[in-house]
$ cat model09.txt   # compact mmCIF, C-alpha atoms
# COMPACT_ATOMS: atom_id res chain seq x y z
CA MET U 1 -5.45 -2.63 -4.50
CA PRO U 2 -8.85 -4.17 -5.29
CA ALA U 3 -11.83 -1.85 -5.06
CA ALA U 4 -13.94 -2.09 -1.90
CA ASP U 5 -17.46 -3.49 -2.02
CA VAL U 6 -18.56 -1.25 0.82
CA GLU U 7 -17.45 2.08 2.23
CA ILE U 8 -16.16 1.75 5.78
CA THR U 9 -16.17 4.93 7.82
CA VAL U 10 -15.40 5.82 11.40
CA GLU U 11 -19.07 6.71 11.82
CA LEU U 12 -20.17 3.26 10.59
CA ALA U 13 -17.76 1.55 12.98
CA LYS U 14 -19.03 3.59 15.91
CA THR U 15 -22.65 2.78 15.05
CA LEU U 16 -21.86 -0.95 14.90
CA LEU U 17 -20.12 -0.81 18.26
CA GLN U 18 -22.98 1.10 19.86
CA ALA U 19 -25.43 -1.55 18.64
CA GLN U 20 -23.39 -4.68 19.42
CA HIS U 21 -20.61 -3.84 21.88
CA PRO U 22 -21.70 -0.64 23.62
CA ASP U 23 -18.99 -0.92 26.29
CA LEU U 24 -16.41 -0.36 23.55
CA ALA U 25 -18.29 2.44 21.80
CA VAL U 26 -16.97 5.00 24.29
CA LEU U 27 -13.40 4.51 22.98
CA PRO U 28 -12.02 6.84 20.29
CA ILE U 29 -11.92 5.40 16.76
CA ALA U 30 -9.45 6.37 14.04
CA ARG U 31 -8.26 4.94 10.75
CA PHE U 32 -5.24 2.71 11.24
CA ASP U 33 -4.45 0.67 8.11
CA ARG U 34 -5.98 -0.65 4.91
CA GLY U 35 -5.14 -3.95 3.26
CA TRP U 36 -6.41 -5.72 0.19
CA ASP U 37 -9.06 -7.48 2.25
CA ASN U 38 -9.70 -5.48 5.41
CA GLU U 39 -10.03 -1.95 6.70
CA VAL U 40 -8.40 -1.70 10.12
CA LEU U 41 -9.41 0.99 12.59
CA ALA U 42 -7.79 1.82 15.91
CA LEU U 43 -10.13 1.50 18.87
CA GLY U 44 -8.53 3.36 21.74
CA ASP U 45 -4.87 2.54 22.31
CA ALA U 46 -5.11 -1.21 22.80
CA LEU U 47 -7.65 -2.56 20.28
CA LEU U 48 -8.23 -2.72 16.53
CA LEU U 49 -11.40 -3.21 14.49
CA ARG U 50 -10.90 -5.58 11.57
CA MET U 51 -13.61 -5.05 8.94
CA PRO U 52 -13.73 -6.80 5.53
CA ARG U 53 -13.89 -4.33 2.66
CA ARG U 54 -14.93 -6.91 0.06
CA ALA U 55 -16.99 -10.10 0.05
CA SER U 56 -14.08 -12.43 -0.70
CA ALA U 57 -12.46 -11.45 2.62
CA VAL U 58 -15.34 -12.73 4.73
CA THR U 59 -14.20 -16.36 4.66
CA LEU U 60 -10.70 -15.25 5.65
CA LEU U 61 -12.04 -13.38 8.66
CA GLU U 62 -14.14 -16.38 9.67
CA HIS U 63 -11.00 -18.54 9.60
CA GLU U 64 -9.28 -16.13 11.99
CA LEU U 65 -12.27 -16.12 14.31
CA ALA U 66 -12.54 -19.90 14.35
CA TRP U 67 -8.92 -21.02 14.41
CA LEU U 68 -6.64 -18.38 15.93
CA PRO U 69 -7.86 -19.22 19.45
CA VAL U 70 -6.92 -22.84 18.73
CA ILE U 71 -3.38 -22.32 17.45
CA ALA U 72 -2.31 -19.30 19.54
CA PRO U 73 -1.43 -21.28 22.71
CA MET U 74 1.19 -23.35 20.89
CA LEU U 75 3.04 -20.37 19.37
CA PRO U 76 6.10 -18.64 20.88
CA LEU U 77 5.06 -15.16 19.63
CA PRO U 78 1.77 -13.31 20.17
CA VAL U 79 -0.84 -13.36 17.42
CA PRO U 80 -4.03 -11.24 17.17
CA VAL U 81 -6.58 -13.64 18.65
CA PRO U 82 -10.04 -12.05 18.17
CA LEU U 83 -11.53 -10.72 21.40
CA ARG U 84 -15.01 -9.89 20.12
CA ARG U 85 -17.13 -10.90 17.13
CA GLY U 86 -19.32 -8.51 15.20
CA VAL U 87 -22.18 -9.41 12.88
CA PRO U 88 -23.68 -7.63 9.86
CA GLY U 89 -25.83 -4.64 10.72
CA GLU U 90 -26.43 -0.92 10.30
CA GLY U 91 -26.10 -1.33 6.53
CA TYR U 92 -22.76 -3.15 6.79
CA PRO U 93 -23.12 -6.64 5.20
CA TYR U 94 -20.16 -8.56 6.68
CA PRO U 95 -18.98 -10.02 9.99
CA TRP U 96 -16.14 -8.15 11.71
CA SER U 97 -13.90 -8.54 14.73
CA VAL U 98 -12.14 -6.73 17.55
CA VAL U 99 -8.53 -7.82 18.02
CA PRO U 100 -5.70 -6.69 20.32
CA ARG U 101 -3.28 -4.07 19.04
CA LEU U 102 0.01 -5.89 19.39
CA PRO U 103 3.26 -4.05 20.16
CA GLY U 104 5.95 -3.18 17.64
CA GLY U 105 5.99 -2.12 14.03
CA ALA U 106 6.23 -4.12 10.82
CA PHE U 107 9.68 -5.14 9.65
CA GLY U 108 8.65 -3.96 6.20
CA ALA U 109 11.69 -3.19 4.10
CA ALA U 110 14.12 -3.92 6.95
CA MET U 111 16.04 -7.18 6.82
CA LEU U 112 15.92 -9.78 9.58
CA ASP U 113 19.42 -10.41 10.90
CA GLU U 114 20.51 -13.87 12.04
CA ALA U 115 19.03 -13.61 15.54
CA ALA U 116 15.72 -12.28 14.25
CA ALA U 117 15.58 -14.92 11.52
CA ARG U 118 16.19 -17.71 14.02
CA ARG U 119 13.46 -16.37 16.31
CA LEU U 120 11.00 -16.33 13.43
CA GLY U 121 12.15 -19.77 12.31
CA ARG U 122 11.25 -21.14 15.74
CA PHE U 123 7.81 -19.58 15.33
CA ALA U 124 7.40 -21.38 11.99
CA ARG U 125 8.50 -24.69 13.52
CA ALA U 126 5.95 -24.34 16.32
CA LEU U 127 3.18 -23.49 13.85
CA HIS U 128 3.94 -26.25 11.35
CA VAL U 129 2.31 -29.11 13.22
CA VAL U 130 -0.29 -31.49 11.87
CA ALA U 131 -3.60 -29.70 11.47
CA PRO U 132 -6.97 -31.28 12.32
CA PRO U 133 -9.21 -32.62 9.53
CA GLY U 134 -11.44 -29.54 9.61
CA ALA U 135 -8.61 -27.05 9.06
CA PRO U 136 -9.31 -24.60 6.23
CA CYS U 137 -8.06 -25.13 2.69
CA ASN U 138 -6.67 -22.29 0.61
CA PRO U 139 -6.43 -22.85 -3.16
CA LEU U 140 -3.58 -20.33 -3.42
CA ARG U 141 -1.40 -21.40 -0.47
CA GLY U 142 -0.01 -24.69 0.80
CA THR U 143 -0.72 -26.49 -2.47
CA ALA U 144 1.66 -28.24 -4.88
CA LEU U 145 4.01 -25.68 -6.41
CA VAL U 146 3.14 -26.83 -9.92
CA GLU U 147 -0.37 -25.44 -9.38
CA ARG U 148 1.22 -21.99 -9.19
CA ALA U 149 2.95 -22.32 -12.58
CA GLY U 150 0.35 -20.47 -14.63
CA ARG U 151 0.19 -17.52 -12.24
CA PHE U 152 3.98 -17.52 -12.06
CA GLU U 153 4.38 -17.15 -15.83
CA GLN U 154 1.84 -14.34 -15.96
CA ALA U 155 3.47 -12.48 -13.07
CA LEU U 156 7.00 -13.02 -14.42
CA ALA U 157 5.99 -11.41 -17.69
CA GLY U 158 4.87 -8.37 -15.70
CA VAL U 159 8.24 -8.11 -13.96
CA GLY U 160 9.99 -7.77 -17.32
CA ALA U 161 13.67 -6.89 -17.56
CA ARG U 162 14.04 -6.13 -13.86
CA VAL U 163 15.21 -9.73 -13.35
CA ASP U 164 17.03 -12.34 -15.41
CA GLN U 165 13.94 -14.06 -16.78
CA ARG U 166 15.75 -17.08 -18.19
CA ARG U 167 17.52 -17.80 -14.93
CA VAL U 168 14.41 -17.20 -12.80
CA ARG U 169 12.33 -19.54 -14.93
CA ALA U 170 15.01 -22.25 -14.84
CA VAL U 171 15.26 -22.13 -11.05
CA PHE U 172 11.48 -22.17 -10.68
CA GLU U 173 11.19 -25.22 -12.95
CA ARG U 174 13.85 -26.98 -10.90
CA CYS U 175 11.87 -26.24 -7.74
CA VAL U 176 8.67 -27.57 -9.29
CA ALA U 177 10.50 -30.84 -9.94
CA ALA U 178 11.39 -31.26 -6.25
CA PRO U 179 9.66 -34.14 -4.42
CA LEU U 180 6.11 -33.30 -3.37
CA TRP U 181 4.94 -32.94 0.22
CA ASP U 182 3.50 -36.37 1.05
CA ALA U 183 3.05 -36.01 4.83
CA PRO U 184 -0.14 -34.90 6.61
CA ARG U 185 -1.16 -31.27 6.16
CA VAL U 186 0.36 -28.88 8.69
CA TRP U 187 -0.79 -25.46 9.84
CA LEU U 188 0.42 -22.51 7.74
CA HIS U 189 0.27 -18.77 8.21
CA GLY U 190 -0.11 -18.53 4.45
CA ASP U 191 1.22 -14.98 4.04
CA LEU U 192 4.37 -14.87 6.13
CA HIS U 193 6.20 -11.81 4.78
CA PRO U 194 7.98 -8.89 6.50
CA PHE U 195 4.92 -6.64 6.66
CA ASN U 196 3.13 -9.30 8.72
CA VAL U 197 5.93 -9.62 11.28
CA LEU U 198 6.07 -7.00 14.04
CA ALA U 199 9.33 -6.10 15.74
CA GLU U 200 10.72 -4.16 18.68
CA ASP U 201 14.41 -3.25 18.71
CA GLY U 202 14.94 -5.43 15.65
CA ARG U 203 13.48 -8.56 17.28
CA PRO U 204 10.25 -10.22 16.11
CA CYS U 205 7.62 -9.68 18.80
CA ALA U 206 4.37 -10.69 17.06
CA VAL U 207 2.96 -12.11 13.83
CA ILE U 208 -0.24 -10.65 12.38
CA ASP U 209 -2.73 -11.03 9.51
CA PHE U 210 -3.77 -14.67 9.50
CA GLY U 211 -6.40 -14.21 6.78
CA ASP U 212 -4.66 -16.80 4.59
CA LEU U 213 -4.45 -19.30 7.46
CA THR U 214 -4.61 -22.78 6.01
CA ALA U 215 -3.11 -26.26 6.17
CA GLY U 216 -0.89 -27.96 3.63
CA ASP U 217 2.71 -27.98 2.45
CA PRO U 218 4.86 -25.82 4.79
CA ALA U 219 6.98 -24.67 1.83
CA THR U 220 4.69 -21.69 1.33
CA ASP U 221 5.67 -20.21 4.70
CA LEU U 222 9.38 -20.35 3.84
CA VAL U 223 9.08 -17.39 1.44
CA ILE U 224 10.27 -14.97 4.12
CA ALA U 225 13.67 -16.71 4.23
CA TRP U 226 14.48 -15.12 0.86
CA MET U 227 12.15 -12.12 1.04
CA GLY U 228 13.14 -10.74 4.41
CA CYS U 229 16.32 -12.33 5.82
CA THR U 230 19.91 -11.25 5.34
CA SER U 231 20.62 -14.96 4.84
CA PRO U 232 17.97 -17.67 4.44
CA ALA U 233 19.98 -20.33 6.28
CA PRO U 234 19.30 -19.34 9.94
CA PHE U 235 15.52 -19.21 9.43
CA LEU U 236 15.49 -22.51 7.54
CA GLU U 237 17.66 -24.23 10.15
CA GLU U 238 15.32 -23.23 12.98
CA ALA U 239 12.22 -24.10 10.97
CA CYS U 240 13.65 -27.64 10.67
CA VAL U 241 12.65 -28.30 7.09
CA ASP U 242 14.04 -30.97 4.77
CA PRO U 243 15.95 -30.20 1.54
CA ALA U 244 12.99 -30.90 -0.74
CA THR U 245 10.76 -28.54 1.24
CA ILE U 246 13.47 -25.87 1.09
CA GLU U 247 13.60 -26.29 -2.69
CA ARG U 248 9.82 -25.93 -2.98
CA GLY U 249 10.01 -22.95 -0.63
CA ARG U 250 12.54 -21.36 -2.98
CA GLY U 251 10.03 -21.83 -5.79
CA TRP U 252 7.28 -20.23 -3.72
CA ALA U 253 9.58 -17.28 -2.99
CA ILE U 254 10.06 -16.79 -6.72
CA ALA U 255 6.37 -17.24 -7.53
CA LEU U 256 5.04 -14.93 -4.82
CA GLY U 257 7.97 -12.58 -5.41
CA CYS U 258 6.81 -12.12 -9.00
CA THR U 259 3.29 -11.37 -7.78
CA PHE U 260 4.59 -8.81 -5.28
CA ALA U 261 6.94 -7.27 -7.85
CA ALA U 262 3.97 -6.52 -10.10
CA SER U 263 2.24 -4.57 -7.29
CA ASP U 264 1.61 -0.84 -7.62
CA ASP U 265 2.74 -0.54 -3.98
CA PRO U 266 6.47 0.34 -4.19
CA ALA U 267 7.27 -1.30 -0.85
CA LEU U 268 5.65 -4.62 -1.82
CA ALA U 269 7.22 -4.45 -5.28
CA GLU U 270 10.67 -4.07 -3.74
CA LEU U 271 10.05 -7.05 -1.43
CA GLY U 272 9.06 -9.09 -4.46
CA LEU U 273 12.20 -8.21 -6.39
CA ARG U 274 14.31 -8.99 -3.32
CA ALA U 275 12.72 -12.45 -3.06
CA ILE U 276 13.17 -13.25 -6.75
CA ARG U 277 16.82 -12.23 -6.80
CA ALA U 278 17.72 -14.01 -3.56
CA ALA U 279 15.87 -17.23 -4.39
CA SER U 280 17.28 -17.47 -7.92
CA ALA U 281 20.84 -16.49 -6.98
$ encode --input "model09.txt" --output "structure tokens"
Amino acid sequence: MPAADVEITVELAKTLLQAQHPDLAVLPIARFDRGWDNEVLALGDALLLRMPRRASAVTLLEHELAWLPVIAPMLPLPVPVPLRRGVPGEGYPYPWSVVPRLPGGAFGAAMLDEAAARRLGRFARALHVVAPPGAPCNPLRGTALVERAGRFEQALAGVGARVDQRRVRAVFERCVAAPLWDAPRVWLHGDLHPFNVLAEDGRPCAVIDFGDLTAGDPATDLVIAWMGCTSPAPFLEEACVDPATIERGRGWAIALGCTFAASDDPALAELGLRAIRAASA
């Protein structure tokens, strides 16, 4: 995990709330989760504070603040639309947000069965509509798969003998050769993997972490078909994607799978290996 630029403490969060949103400062605050980009703190039982821990995450948070309210009404599952905006202060240099604490827990290492995969596929289909001209661009998501080739080779070398390197490379090269996305850019989650899908009783009930929200080729969002589904077909059928997009999505599953597999987080590494093996089978 990248080092933080700033130390985020419960005391700092409380001070920021007292200065900017005093009505919320009376709620108890506790550590909740930590990602590569954000520290997340629980605010009472129903809210979360989302605070960037490094400068590169600020733009991602701004995208959530600006665009989640726009796309949320068209989606069939809840997403964490920001409820309040925070600004730098009290020695903290970045903007921050207050978001709802959505129900359920992350799928994580669990596999989405057919019903769950179809439900999530319908979410993807609803999201993947033409984005407006001002939609954010992400140089690492939604782009042509060939632009990922260099990172793929580097990550594959780090995976080593845990996968059949010759086969994985051959499948990836085949996917790169698939026809390019030549339609208008559509909305993408950008990081649609099992830790960003919440579930209750095995059913997807919310999708979180839209920091990589962008517009482009929907193939990037198909990664979860191989990373988190017992079979990719039900998700892909509901997402209504064409064969070329499925082939590029397979390539993205391999590419991002290699990146995950090189993680020092065992859970993410296992997801990565799962994606590589399923997509290159």
$ atom_distance --input "model09.txt" --atom1 "atom CA of U:Arg169" --atom2 "atom CA of U:Leu156"
8.4 Å
$ residues_around --input "model09.txt" --residues "U:Asp5" --least-positions-apart "6" --cutoff "8 Å" --atoms "only C-alpha atoms" --output "JSON, numbers by chain"
{"U": [53, 54, 55]}
$ closest_residue --input "model09.txt" --among "U:Met111, U:Ile276, U:Ile8, U:Met74" --to "U:Val40" --atoms "only C-alpha atoms"
U:Ile8
$ atom_distance --input "model09.txt" --atom1 "atom CA of U:Pro194" --atom2 "atom CA of U:Glu39"
19.3 Å
$ closest_residue --input "model09.txt" --among "U:Leu83, U:Ile254, U:Val99, U:Ile71" --to "U:Arg151" --atoms "only C-alpha atoms"
U:Ile254
$ closest_atom_pairs --input "model09.txt" --of "stretch 151-186 of chain U" --to "stretch 262-267 of chain U" --cutoff "9 Å" --atoms "all atoms listed in the file" --output "Markdown table"
| residue | atom | partner | partner_atom | distance |
| --- | --- | --- | --- | --- |
| U:Ala155 | CA | U:Ala262 | CA | 6.7 |
| U:Leu156 | CA | U:Ala262 | CA | 8.4 |
| U:Gly158 | CA | U:Ala262 | CA | 6.0 |
| U:Val159 | CA | U:Ala262 | CA | 6.0 |
$ write_last_selection --input "model09.txt" --atoms "C-alpha atoms" --output "PDB file, in the frame of the given file"
ATOM      1  CA  ALA U 155       3.470 -12.480 -13.070  1.00  0.00           C
ATOM      2  CA  LEU U 156       7.000 -13.020 -14.420  1.00  0.00           C
ATOM      3  CA  GLY U 158       4.870  -8.370 -15.700  1.00  0.00           C
ATOM      4  CA  VAL U 159       8.240  -8.110 -13.960  1.00  0.00           C
TER       5      VAL U 159
END
$ residues_around --input "model09.txt" --residues "stretch 178-190 of chain U" --least-positions-apart "3" --cutoff "6 Å" --atoms "only C-alpha atoms" --output "PyMOL selection string"
chain U and resi 127-131+141+175+210+212-217+244
$ atom_distance --input "model09.txt" --atom1 "atom CA of U:Gly228" --atom2 "atom CA of U:Gly150"
24.9 Å
$ closest_residue --input "model09.txt" --among "U:Ala144, U:Ala157, U:Ala135, U:Ala278" --to "U:Val70" --atoms "all atoms listed in the file"
U:Ala135
$ residues_near_point --input "model09.txt" --point "(-11.8, -13.2, 11.9)" --cutoff "9 Å" --atoms "all atoms listed in the file" --output "PyMOL selection string"
chain U and resi 50-51+58-68+81-82+85+95-99+210-211
$ closest_residue --input "model09.txt" --among "U:Arg84, U:Arg174, U:Arg125, U:Arg167" --to "U:Ala149" --atoms "only C-alpha atoms"
U:Arg174
$ closest_residue --input "model09.txt" --among "U:Phe260, U:Trp226, U:Phe235, U:Phe195" --to "U:Gly108" --atoms "only C-alpha atoms"
U:Phe195
$ closest_residue --input "model09.txt" --among "U:Ile29, U:Val207, U:Ala106, U:Ala57" --to "U:Leu75" --atoms "all atoms listed in the file"
U:Val207
$ axis_aligned_box --input "model09.txt" --around "stretch 11-30 of chain U" --padding-each-side "8 Å" --output "AutoDock Vina command-line options"
--center_x -17.4 --center_y 1.1 --center_z 18.4 --size_x 32.0 --size_y 27.5 --size_z 31.7
$ residues_around --input "model09.txt" --residues "U:Val223" --least-positions-apart "5" --cutoff "12 Å" --atoms "all atoms listed in the file" --output "PyMOL selection string"
chain U and resi 121+124+141-142+188-194+218+228-229+232+235-236+245-258+260+271-272+274-276+278-279
$ residues_around --input "model09.txt" --residues "U:Pro76" --least-positions-apart "3" --cutoff "10 Å" --atoms "all atoms listed in the file" --output "list in words"
Ala72, Pro73, Val79, Arg119, Leu120, Arg122, Phe123, Ala124, Arg125, Ala126, Leu127, Cys205 and Ala206 of chain U
